[in-house]
Amino acid sequence: MIPERVLCVDDDLNLLAGLARNLRKHFNLLTAGGGEQGLEVLRKQSPVGVVVADMNMPGMDGVEFLRRVAEQWPDATRVMLTGNADQATAVKAINTGQIFRFLVKPCPPELLAATIAAGIKQHRLVTAERELLEKTFQGGLKLLFDMLALARPEAFGRGSKLQRMVRDLAPAAGITVLWQAEAAAMLAQLGWVAVPAGVLTKVEKGQPLSTAENEVYEGRLHAAAELVGNVPRLEAVHQILLVLGGGKLPEGSALDDNQQRCVQLLRALLDLDGMVFTGMDPAEAMAILNSRTDRYTPEVLAGLNASLQRAERFAVKSLDVWDLREGMTLMEDVSTKEGQLLLPKGQEVTAAVITRLKNYSRVGTVREPFMVKVPG
């Protein structure tokens, strides 16, 4: 394991050199002669476990420097060094820079070293807790998606397809927080669970819907947003789905730039998916999207057109279950020999999909071979 980096920032170069001599034998040390230089070091050398900054520096003082560190690198433990020990300075530093320790100059080398060691321990606790939360969160989402695959395999298949397209188009759409768009693409499919099978059949066959049926069908995104709204840490995804479903955000709330770009991309993808679901040829559906320049951004349309062209560069093969590999795509529905749908056309082949189909194959109930799309 590489030792955590420690950054010391002070405009007194002689003092900085003395700190370096005392600390380098114990820590992976970086130094900077001022706030701006310290920020530049952090941009180039992150992650940094502990940041130690002098309070009184010309230009950007220590409070402002540590405030910006807290905003941009919140996992870094922050320590303030100062020759001014009054209470007002300490309160300002703690409240603004969210510092871990406040040390007064002259600070004995052994005290500074012990403080840095404690800061490294704190940094490890913070990063370990965040990683645990992220893995728990991701695992919870995966469980939710797997349950959707069992309850409504056709909805899961469409969600997987949308998720892949989001991943492909996100850079062109300017999306920087990818997980929000991917989660929204998949969780939007939860709304299909609330739509009766008879309504879906009529939509798929292009049959007219009654007023009540149309309200249920059109309200599927709003239904998905309501389901997601109760899940902690999915507030951003809930807002995206709420806007996509035609709902209004609570008073005082607004989408940030990334959320707005997610809405722009997902609106086009969901519209395209809806047209294809009714039996429309993808090229014809894309032509309709291209004509609606007031509804979709040029970046999203350009990315979609390029993506559909790339989608044609795949080989189509007839394979048995045991020849499936992750990354393939089903080109036809996979059913049991009795006709029960297991997985829909368009479903991406994942490890969970392979495991499920192998279990059916072992007992001889899956109809195989079937057509799959193999990445070129």
# chains A, B, ... in the order shown; residues from 1 in each chain; ligands from 1
$ residues_around --residues "segment 164-173 of chain A" --least-positions-apart "4" --cutoff "7 Å" --atoms "only C-alpha atoms" --output "ChimeraX atom specification"
/A:160,178,181-182,261,265,299-300,303
$ write_last_selection --atoms "N, CA and C atoms" --output "PDB file, in the first residue's frame"
ATOM      1  N   SER A 160     -31.712  -2.198 -19.619  1.00  0.00           N
ATOM      2  CA  SER A 160     -30.299  -2.525 -19.878  1.00  0.00           C
ATOM      3  C   SER A 160     -29.832  -1.899 -21.178  1.00  0.00           C
ATOM      4  N   LEU A 178     -21.910  10.096 -14.307  1.00  0.00           N
ATOM      5  CA  LEU A 178     -22.524   9.067 -15.150  1.00  0.00           C
ATOM      6  C   LEU A 178     -23.523   8.213 -14.399  1.00  0.00           C
ATOM      7  N   ALA A 181     -27.255   9.220 -14.566  1.00  0.00           N
ATOM      8  CA  ALA A 181     -27.956   8.940 -15.827  1.00  0.00           C
ATOM      9  C   ALA A 181     -28.211   7.445 -15.984  1.00  0.00           C
ATOM     10  N   GLU A 182     -27.223   6.604 -15.632  1.00  0.00           N
ATOM     11  CA  GLU A 182     -27.404   5.156 -15.759  1.00  0.00           C
ATOM     12  C   GLU A 182     -28.500   4.654 -14.823  1.00  0.00           C
ATOM     13  N   ARG A 261     -28.596  17.800 -18.171  1.00  0.00           N
ATOM     14  CA  ARG A 261     -28.078  17.048 -19.324  1.00  0.00           C
ATOM     15  C   ARG A 261     -28.596  15.611 -19.316  1.00  0.00           C
ATOM     16  N   LEU A 265     -30.738  13.887 -22.435  1.00  0.00           N
ATOM     17  CA  LEU A 265     -30.376  12.629 -23.077  1.00  0.00           C
ATOM     18  C   LEU A 265     -31.469  11.585 -22.897  1.00  0.00           C
ATOM     19  N   GLU A 299     -26.353  18.022 -29.647  1.00  0.00           N
ATOM     20  CA  GLU A 299     -25.344  17.063 -29.192  1.00  0.00           C
ATOM     21  C   GLU A 299     -25.949  15.674 -28.994  1.00  0.00           C
ATOM     22  N   VAL A 300     -27.158  15.634 -28.413  1.00  0.00           N
ATOM     23  CA  VAL A 300     -27.817  14.352 -28.182  1.00  0.00           C
ATOM     24  C   VAL A 300     -28.202  13.705 -29.499  1.00  0.00           C
ATOM     25  N   GLY A 303     -25.099  12.361 -31.279  1.00  0.00           N
ATOM     26  CA  GLY A 303     -24.624  11.145 -30.620  1.00  0.00           C
ATOM     27  C   GLY A 303     -25.504   9.952 -30.903  1.00  0.00           C
TER      28      GLY A 303
END
$ residues_around --residues "Gln122 of chain A" --least-positions-apart "4" --cutoff "9 Å" --atoms "only C-alpha atoms" --output "number ranges by chain"
A: 49, 76-77, 100, 117-118, 126-127
$ write_last_selection --atoms "C-alpha atoms" --output "PDB file, in the first residue's frame"
ATOM      1  CA  GLY A  49      -4.464  12.240   2.882  1.00  0.00           C
ATOM      2  CA  ALA A  76      -8.396  15.121   2.849  1.00  0.00           C
ATOM      3  CA  THR A  77      -7.901  15.750   6.572  1.00  0.00           C
ATOM      4  CA  PHE A 100      -9.382  18.482  11.999  1.00  0.00           C
ATOM      5  CA  ALA A 117      -0.438  10.538  11.926  1.00  0.00           C
ATOM      6  CA  ALA A 118      -3.856  11.059  13.533  1.00  0.00           C
ATOM      7  CA  VAL A 126     -13.469   8.573   6.071  1.00  0.00           C
ATOM      8  CA  THR A 127     -12.458   6.907   2.806  1.00  0.00           C
TER       9      THR A 127
END
$ residues_around --residues "segment 228-245 of chain A" --least-positions-apart "2" --cutoff "8 Å" --atoms "only C-alpha atoms" --output "list in words"
Gln180, Ala181, Ala183, Ala184, Leu187, Ala188, Gly219, Arg220, Leu221, His222, Ala224, Ala225, Glu226, Gly247, Lys248, Leu249, Leu255, Gln259, Gln260, Cys262, Val263, Leu266 and Arg267 of chain A
$ write_last_selection --atoms "C-alpha atoms" --output "compact mmCIF listing (two decimals), in the first residue's frame"
# COMPACT_ATOMS: atom_id res chain seq x y z
CA GLN A 180 -27.07 9.37 -12.14
CA ALA A 181 -27.96 8.94 -15.83
CA ALA A 183 -29.51 4.71 -12.62
CA ALA A 184 -32.29 6.90 -14.02
CA LEU A 187 -35.06 2.89 -12.64
CA ALA A 188 -37.37 4.54 -15.17
CA GLY A 219 -47.94 8.18 -16.00
CA ARG A 220 -45.36 5.39 -15.87
CA LEU A 221 -42.39 7.76 -15.41
CA HIS A 222 -44.19 9.63 -12.64
CA ALA A 224 -41.21 5.38 -11.21
CA ALA A 225 -40.26 8.74 -9.69
CA GLU A 226 -42.59 8.15 -6.74
CA GLY A 247 -43.83 16.60 -12.63
CA LYS A 248 -42.72 19.72 -10.78
CA LEU A 249 -39.81 19.96 -8.39
CA LEU A 255 -31.78 20.64 -11.39
CA GLN A 259 -29.13 16.60 -14.04
CA GLN A 260 -30.35 18.84 -16.86
CA CYS A 262 -29.33 13.69 -18.02
CA VAL A 263 -32.91 14.81 -18.68
CA LEU A 266 -32.95 10.38 -21.41
CA ARG A 267 -35.87 12.25 -22.97
$ closest_atom_pairs --of "segment 140-259 of chain A" --to "segment 269-284 of chain A" --cutoff "9 Å" --atoms "only C-alpha atoms" --output "CSV"
residue,atom,partner,partner_atom,distance
A:Arg158,CA,A:Asp273,CA,7.9
A:Leu162,CA,A:Leu269,CA,6.9
A:Met165,CA,A:Leu269,CA,8.0
A:Val166,CA,A:Leu269,CA,8.3
A:Ala185,CA,A:Leu270,CA,8.4
A:Val203,CA,A:Thr278,CA,6.1
A:Glu204,CA,A:Thr278,CA,4.5
A:Lys205,CA,A:Thr278,CA,6.3
A:Gly206,CA,A:Thr278,CA,5.9
$ write_last_selection --atoms "C-alpha atoms" --output "JSON list (two decimals), in the first residue's frame"
[["chain", "number", "residue", "atom", "x", "y", "z"],
["A", 158, "ARG", "CA", -35.19, -2.33, -22.23],
["A", 162, "LEU", "CA", -30.99, 2.24, -22.41],
["A", 165, "MET", "CA", -26.77, 3.79, -24.72],
["A", 166, "VAL", "CA", -26.45, 6.26, -21.84],
["A", 185, "ALA", "CA", -32.31, 4.91, -17.27],
["A", 203, "VAL", "CA", -49.55, -0.29, -27.02],
["A", 204, "GLU", "CA", -47.25, -2.87, -28.57],
["A", 205, "LYS", "CA", -49.85, -3.71, -31.22],
["A", 206, "GLY", "CA", -50.62, -0.07, -31.91]]
$ select_by_dssp --residues "segment 279-330 of chain A" --states "strand (DSSP E)" --output "PDB file with C-alpha atoms, in the first residue's frame"
ATOM      1  CA  PHE A 314     -22.105  -6.505 -35.005  1.00  0.00           C
ATOM      2  CA  ALA A 315     -22.240 -10.150 -35.972  1.00  0.00           C
ATOM      3  CA  VAL A 316     -25.462 -12.090 -35.386  1.00  0.00           C
ATOM      4  CA  LYS A 317     -25.084 -15.750 -34.371  1.00  0.00           C
ATOM      5  CA  SER A 318     -27.265 -18.638 -33.259  1.00  0.00           C
ATOM      6  CA  LEU A 319     -25.954 -19.855 -29.892  1.00  0.00           C
ATOM      7  CA  THR A 329     -27.242  -8.925 -26.802  1.00  0.00           C
ATOM      8  CA  LEU A 330     -30.302 -11.110 -27.315  1.00  0.00           C
TER       9      LEU A 330
END
$ atom_distance --atom1 "atom CA of Ala70 of chain A" --atom2 "atom CA of Arg5 of chain A"
16.3 Å
$ atom_distance --atom1 "atom CA of Ile175 of chain A" --atom2 "atom CA of Asn258 of chain A"
5.6 Å
$ select_by_dssp --residues "segment 120-296 of chain A" --states "helix (DSSP H, G or I)" --output "PDB file with C-alpha atoms, in the first residue's frame"
ATOM      1  CA  ILE A 120      -3.933   9.953   8.212  1.00  0.00           C
ATOM      2  CA  LYS A 121      -5.943   7.627  10.457  1.00  0.00           C
ATOM      3  CA  GLN A 122      -8.944   9.941  10.127  1.00  0.00           C
ATOM      4  CA  HIS A 123      -8.515  10.023   6.339  1.00  0.00           C
ATOM      5  CA  ARG A 124      -8.511   6.233   6.196  1.00  0.00           C
ATOM      6  CA  LEU A 125     -11.675   6.052   8.318  1.00  0.00           C
ATOM      7  CA  VAL A 126     -13.469   8.573   6.071  1.00  0.00           C
ATOM      8  CA  THR A 127     -12.458   6.907   2.806  1.00  0.00           C
ATOM      9  CA  ALA A 128     -13.227   3.411   4.125  1.00  0.00           C
ATOM     10  CA  GLU A 129     -16.707   4.518   5.250  1.00  0.00           C
ATOM     11  CA  ARG A 130     -17.381   6.206   1.897  1.00  0.00           C
ATOM     12  CA  GLU A 131     -16.238   3.131  -0.038  1.00  0.00           C
ATOM     13  CA  LEU A 132     -18.435   0.915   2.149  1.00  0.00           C
ATOM     14  CA  LEU A 133     -21.452   3.173   1.578  1.00  0.00           C
ATOM     15  CA  GLU A 134     -20.800   3.279  -2.169  1.00  0.00           C
ATOM     16  CA  LYS A 135     -20.496  -0.501  -2.415  1.00  0.00           C
ATOM     17  CA  THR A 136     -23.637  -0.958  -0.307  1.00  0.00           C
ATOM     18  CA  PHE A 137     -25.478   1.558  -2.465  1.00  0.00           C
ATOM     19  CA  GLN A 138     -24.313  -0.062  -5.704  1.00  0.00           C
ATOM     20  CA  GLY A 139     -25.139  -3.517  -4.365  1.00  0.00           C
ATOM     21  CA  GLY A 140     -28.618  -2.336  -3.412  1.00  0.00           C
ATOM     22  CA  LEU A 141     -29.181  -0.951  -6.895  1.00  0.00           C
ATOM     23  CA  LYS A 142     -27.980  -4.204  -8.449  1.00  0.00           C
ATOM     24  CA  LEU A 143     -30.371  -6.182  -6.252  1.00  0.00           C
ATOM     25  CA  LEU A 144     -33.208  -3.896  -7.323  1.00  0.00           C
ATOM     26  CA  PHE A 145     -32.311  -4.367 -10.988  1.00  0.00           C
ATOM     27  CA  ASP A 146     -32.088  -8.146 -10.578  1.00  0.00           C
ATOM     28  CA  MET A 147     -35.528  -8.216  -8.969  1.00  0.00           C
ATOM     29  CA  LEU A 148     -36.875  -6.146 -11.869  1.00  0.00           C
ATOM     30  CA  ALA A 149     -35.372  -8.721 -14.235  1.00  0.00           C
ATOM     31  CA  LEU A 150     -37.349 -11.464 -12.499  1.00  0.00           C
ATOM     32  CA  ALA A 151     -40.606  -9.521 -12.165  1.00  0.00           C
ATOM     33  CA  PRO A 153     -37.894  -9.247 -17.792  1.00  0.00           C
ATOM     34  CA  GLU A 154     -39.025  -7.205 -20.796  1.00  0.00           C
ATOM     35  CA  ALA A 155     -38.723  -3.964 -18.796  1.00  0.00           C
ATOM     36  CA  PHE A 156     -35.316  -5.000 -17.493  1.00  0.00           C
ATOM     37  CA  GLY A 157     -34.153  -5.754 -21.017  1.00  0.00           C
ATOM     38  CA  ARG A 158     -35.191  -2.335 -22.235  1.00  0.00           C
ATOM     39  CA  GLY A 159     -33.564  -0.702 -19.220  1.00  0.00           C
ATOM     40  CA  SER A 160     -30.299  -2.525 -19.878  1.00  0.00           C
ATOM     41  CA  LYS A 161     -30.343  -1.354 -23.471  1.00  0.00           C
ATOM     42  CA  LEU A 162     -30.993   2.245 -22.409  1.00  0.00           C
ATOM     43  CA  GLN A 163     -28.240   1.993 -19.806  1.00  0.00           C
ATOM     44  CA  ARG A 164     -25.732   0.922 -22.454  1.00  0.00           C
ATOM     45  CA  MET A 165     -26.774   3.786 -24.724  1.00  0.00           C
ATOM     46  CA  VAL A 166     -26.448   6.256 -21.841  1.00  0.00           C
ATOM     47  CA  ARG A 167     -22.920   4.999 -21.178  1.00  0.00           C
ATOM     48  CA  ASP A 168     -22.089   5.407 -24.857  1.00  0.00           C
ATOM     49  CA  LEU A 169     -23.629   8.863 -25.313  1.00  0.00           C
ATOM     50  CA  ALA A 170     -22.832  10.499 -21.961  1.00  0.00           C
ATOM     51  CA  PRO A 171     -19.568  12.177 -23.094  1.00  0.00           C
ATOM     52  CA  ALA A 172     -21.247  13.760 -26.132  1.00  0.00           C
ATOM     53  CA  ALA A 173     -24.164  14.916 -23.979  1.00  0.00           C
ATOM     54  CA  LEU A 178     -22.524   9.067 -15.150  1.00  0.00           C
ATOM     55  CA  TRP A 179     -24.122   6.957 -12.418  1.00  0.00           C
ATOM     56  CA  GLN A 180     -27.071   9.366 -12.140  1.00  0.00           C
ATOM     57  CA  ALA A 181     -27.956   8.940 -15.827  1.00  0.00           C
ATOM     58  CA  GLU A 182     -27.404   5.156 -15.759  1.00  0.00           C
ATOM     59  CA  ALA A 183     -29.505   4.709 -12.618  1.00  0.00           C
ATOM     60  CA  ALA A 184     -32.288   6.904 -14.023  1.00  0.00           C
ATOM     61  CA  ALA A 185     -32.306   4.907 -17.270  1.00  0.00           C
ATOM     62  CA  MET A 186     -32.802   1.640 -15.423  1.00  0.00           C
ATOM     63  CA  LEU A 187     -35.064   2.895 -12.639  1.00  0.00           C
ATOM     64  CA  ALA A 188     -37.369   4.536 -15.172  1.00  0.00           C
ATOM     65  CA  GLN A 189     -38.396   0.968 -16.053  1.00  0.00           C
ATOM     66  CA  LEU A 190     -39.964   0.541 -12.602  1.00  0.00           C
ATOM     67  CA  GLY A 191     -42.919   2.481 -13.964  1.00  0.00           C
ATOM     68  CA  TRP A 192     -43.752  -0.404 -16.298  1.00  0.00           C
ATOM     69  CA  VAL A 193     -44.539  -2.560 -13.262  1.00  0.00           C
ATOM     70  CA  ALA A 194     -47.530  -0.314 -12.582  1.00  0.00           C
ATOM     71  CA  ALA A 197     -50.224  -6.240 -19.118  1.00  0.00           C
ATOM     72  CA  GLY A 198     -53.319  -5.642 -21.233  1.00  0.00           C
ATOM     73  CA  VAL A 199     -52.389  -1.995 -21.719  1.00  0.00           C
ATOM     74  CA  LEU A 200     -48.864  -2.938 -22.755  1.00  0.00           C
ATOM     75  CA  THR A 201     -50.218  -5.425 -25.271  1.00  0.00           C
ATOM     76  CA  LYS A 202     -52.449  -2.765 -26.831  1.00  0.00           C
ATOM     77  CA  VAL A 203     -49.549  -0.291 -27.020  1.00  0.00           C
ATOM     78  CA  GLU A 204     -47.246  -2.870 -28.572  1.00  0.00           C
ATOM     79  CA  THR A 211     -58.640   7.751 -21.621  1.00  0.00           C
ATOM     80  CA  ALA A 212     -57.986   5.869 -18.368  1.00  0.00           C
ATOM     81  CA  GLU A 213     -55.546   3.449 -20.021  1.00  0.00           C
ATOM     82  CA  ASN A 214     -53.657   6.327 -21.627  1.00  0.00           C
ATOM     83  CA  GLU A 215     -53.350   8.087 -18.258  1.00  0.00           C
ATOM     84  CA  VAL A 216     -51.851   4.935 -16.734  1.00  0.00           C
ATOM     85  CA  TYR A 217     -49.474   4.463 -19.658  1.00  0.00           C
ATOM     86  CA  GLU A 218     -48.355   8.111 -19.773  1.00  0.00           C
ATOM     87  CA  ARG A 220     -45.364   5.390 -15.871  1.00  0.00           C
ATOM     88  CA  LEU A 221     -42.395   7.763 -15.410  1.00  0.00           C
ATOM     89  CA  HIS A 222     -44.188   9.634 -12.645  1.00  0.00           C
ATOM     90  CA  ALA A 223     -44.901   6.274 -10.975  1.00  0.00           C
ATOM     91  CA  ALA A 224     -41.210   5.377 -11.209  1.00  0.00           C
ATOM     92  CA  ALA A 225     -40.257   8.738  -9.689  1.00  0.00           C
ATOM     93  CA  GLU A 226     -42.589   8.151  -6.741  1.00  0.00           C
ATOM     94  CA  LEU A 227     -41.071   4.723  -6.088  1.00  0.00           C
ATOM     95  CA  VAL A 228     -37.516   6.087  -6.211  1.00  0.00           C
ATOM     96  CA  GLU A 235     -32.562  12.267  -4.531  1.00  0.00           C
ATOM     97  CA  ALA A 236     -30.838  13.428  -7.741  1.00  0.00           C
ATOM     98  CA  VAL A 237     -32.222  10.478  -9.720  1.00  0.00           C
ATOM     99  CA  HIS A 238     -35.688  11.094  -8.256  1.00  0.00           C
ATOM    100  CA  GLN A 239     -35.587  14.693  -9.517  1.00  0.00           C
ATOM    101  CA  ILE A 240     -34.493  13.574 -12.993  1.00  0.00           C
ATOM    102  CA  LEU A 241     -37.366  11.080 -13.228  1.00  0.00           C
ATOM    103  CA  LEU A 242     -39.831  13.597 -11.823  1.00  0.00           C
ATOM    104  CA  VAL A 243     -39.000  16.142 -14.546  1.00  0.00           C
ATOM    105  CA  LEU A 244     -39.025  13.462 -17.264  1.00  0.00           C
ATOM    106  CA  ASP A 257     -26.202  21.194 -14.884  1.00  0.00           C
ATOM    107  CA  ASN A 258     -25.519  17.462 -14.848  1.00  0.00           C
ATOM    108  CA  GLN A 259     -29.126  16.603 -14.039  1.00  0.00           C
ATOM    109  CA  GLN A 260     -30.353  18.845 -16.860  1.00  0.00           C
ATOM    110  CA  ARG A 261     -28.078  17.048 -19.324  1.00  0.00           C
ATOM    111  CA  CYS A 262     -29.331  13.694 -18.021  1.00  0.00           C
ATOM    112  CA  VAL A 263     -32.908  14.806 -18.684  1.00  0.00           C
ATOM    113  CA  GLN A 264     -32.015  15.945 -22.213  1.00  0.00           C
ATOM    114  CA  LEU A 265     -30.376  12.629 -23.077  1.00  0.00           C
ATOM    115  CA  LEU A 266     -32.947  10.379 -21.410  1.00  0.00           C
ATOM    116  CA  ARG A 267     -35.870  12.249 -22.973  1.00  0.00           C
ATOM    117  CA  ALA A 268     -34.534  11.380 -26.431  1.00  0.00           C
ATOM    118  CA  LEU A 269     -33.684   7.775 -25.509  1.00  0.00           C
ATOM    119  CA  LEU A 270     -37.062   7.117 -23.876  1.00  0.00           C
ATOM    120  CA  ASP A 271     -38.918   8.642 -26.830  1.00  0.00           C
ATOM    121  CA  LEU A 272     -36.917   6.485 -29.232  1.00  0.00           C
ATOM    122  CA  ASP A 273     -37.533   3.403 -27.091  1.00  0.00           C
ATOM    123  CA  GLY A 274     -41.263   4.111 -26.967  1.00  0.00           C
ATOM    124  CA  MET A 275     -41.504   4.369 -30.754  1.00  0.00           C
ATOM    125  CA  VAL A 276     -39.563   1.152 -31.303  1.00  0.00           C
ATOM    126  CA  PHE A 277     -41.751  -0.579 -28.680  1.00  0.00           C
ATOM    127  CA  PRO A 282     -35.419   2.349 -35.478  1.00  0.00           C
ATOM    128  CA  ALA A 283     -34.305   4.313 -38.552  1.00  0.00           C
ATOM    129  CA  GLU A 284     -37.821   5.721 -39.002  1.00  0.00           C
ATOM    130  CA  ALA A 285     -38.029   6.582 -35.303  1.00  0.00           C
ATOM    131  CA  MET A 286     -34.655   8.319 -35.476  1.00  0.00           C
ATOM    132  CA  ALA A 287     -35.860  10.373 -38.442  1.00  0.00           C
ATOM    133  CA  ILE A 288     -38.757  11.638 -36.296  1.00  0.00           C
ATOM    134  CA  LEU A 289     -36.364  12.579 -33.501  1.00  0.00           C
ATOM    135  CA  ASN A 290     -34.119  14.413 -35.953  1.00  0.00           C
ATOM    136  CA  SER A 291     -37.097  16.519 -37.045  1.00  0.00           C
TER     137      SER A 291
END
$ atom_distance --atom1 "atom CA of Phe102 of chain A" --atom2 "atom CA of Arg43 of chain A"
24.3 Å
$ residues_around --residues "segment 16-22 of chain A" --least-positions-apart "3" --cutoff "9 Å" --atoms "only C-alpha atoms" --output "PDB file with N, CA and C atoms, in the first residue's frame"
ATOM      1  N   CYS A   8       2.174  20.104   2.967  1.00  0.00           N
ATOM      2  CA  CYS A   8       2.400  21.221   3.872  1.00  0.00           C
ATOM      3  C   CYS A   8       2.472  22.507   3.059  1.00  0.00           C
ATOM      4  N   VAL A   9       1.693  23.520   3.439  1.00  0.00           N
ATOM      5  CA  VAL A   9       1.613  24.778   2.697  1.00  0.00           C
ATOM      6  C   VAL A   9       1.963  25.925   3.638  1.00  0.00           C
ATOM      7  N   ASP A  10       3.013  26.703   3.276  1.00  0.00           N
ATOM      8  CA  ASP A  10       3.445  27.838   4.097  1.00  0.00           C
ATOM      9  C   ASP A  10       4.246  28.781   3.206  1.00  0.00           C
ATOM     10  N   ASP A  11       4.029  30.077   3.366  1.00  0.00           N
ATOM     11  CA  ASP A  11       4.780  31.044   2.544  1.00  0.00           C
ATOM     12  C   ASP A  11       6.182  31.285   3.092  1.00  0.00           C
ATOM     13  N   ASP A  12       6.461  30.848   4.317  1.00  0.00           N
ATOM     14  CA  ASP A  12       7.805  30.965   4.903  1.00  0.00           C
ATOM     15  C   ASP A  12       8.624  29.768   4.416  1.00  0.00           C
ATOM     16  N   LEU A  13       9.443  30.002   3.397  1.00  0.00           N
ATOM     17  CA  LEU A  13      10.161  28.895   2.770  1.00  0.00           C
ATOM     18  C   LEU A  13      11.178  28.260   3.707  1.00  0.00           C
ATOM     19  N   LYS A  25      11.151  11.836   6.754  1.00  0.00           N
ATOM     20  CA  LYS A  25      11.562  10.494   7.172  1.00  0.00           C
ATOM     21  C   LYS A  25      10.369   9.655   7.628  1.00  0.00           C
ATOM     22  N   HIS A  26       9.251  10.324   7.941  1.00  0.00           N
ATOM     23  CA  HIS A  26       8.074   9.617   8.456  1.00  0.00           C
ATOM     24  C   HIS A  26       6.911   9.560   7.459  1.00  0.00           C
ATOM     25  N   LEU A  29       5.839  13.228   1.790  1.00  0.00           N
ATOM     26  CA  LEU A  29       5.599  14.661   1.951  1.00  0.00           C
ATOM     27  C   LEU A  29       5.654  15.426   0.637  1.00  0.00           C
ATOM     28  N   LEU A  30       4.698  16.362   0.507  1.00  0.00           N
ATOM     29  CA  LEU A  30       4.678  17.345  -0.575  1.00  0.00           C
ATOM     30  C   LEU A  30       4.662  18.729   0.072  1.00  0.00           C
ATOM     31  N   THR A  31       5.211  19.736  -0.612  1.00  0.00           N
ATOM     32  CA  THR A  31       5.220  21.092  -0.056  1.00  0.00           C
ATOM     33  C   THR A  31       4.769  22.087  -1.111  1.00  0.00           C
ATOM     34  N   ALA A  32       4.264  23.238  -0.624  1.00  0.00           N
ATOM     35  CA  ALA A  32       3.842  24.325  -1.514  1.00  0.00           C
ATOM     36  C   ALA A  32       4.053  25.638  -0.785  1.00  0.00           C
ATOM     37  N   GLY A  33       4.473  26.671  -1.525  1.00  0.00           N
ATOM     38  CA  GLY A  33       4.813  27.966  -0.918  1.00  0.00           C
ATOM     39  C   GLY A  33       3.670  28.947  -0.821  1.00  0.00           C
ATOM     40  N   PRO A 109       8.061  19.516  16.633  1.00  0.00           N
ATOM     41  CA  PRO A 109       8.008  18.553  15.530  1.00  0.00           C
ATOM     42  C   PRO A 109       7.277  17.268  15.895  1.00  0.00           C
ATOM     43  N   GLU A 110       7.470  16.804  17.155  1.00  0.00           N
ATOM     44  CA  GLU A 110       6.820  15.555  17.541  1.00  0.00           C
ATOM     45  C   GLU A 110       5.293  15.716  17.623  1.00  0.00           C
ATOM     46  N   ALA A 113       4.049  15.793  14.002  1.00  0.00           N
ATOM     47  CA  ALA A 113       4.088  14.437  13.442  1.00  0.00           C
ATOM     48  C   ALA A 113       2.938  13.581  13.984  1.00  0.00           C
TER      49      ALA A 113
END
$ residues_around --residues "Phe27 of chain A" --least-positions-apart "3" --cutoff "7 Å" --atoms "only C-alpha atoms" --output "PyMOL selection string"
chain A and resi 6+23-24
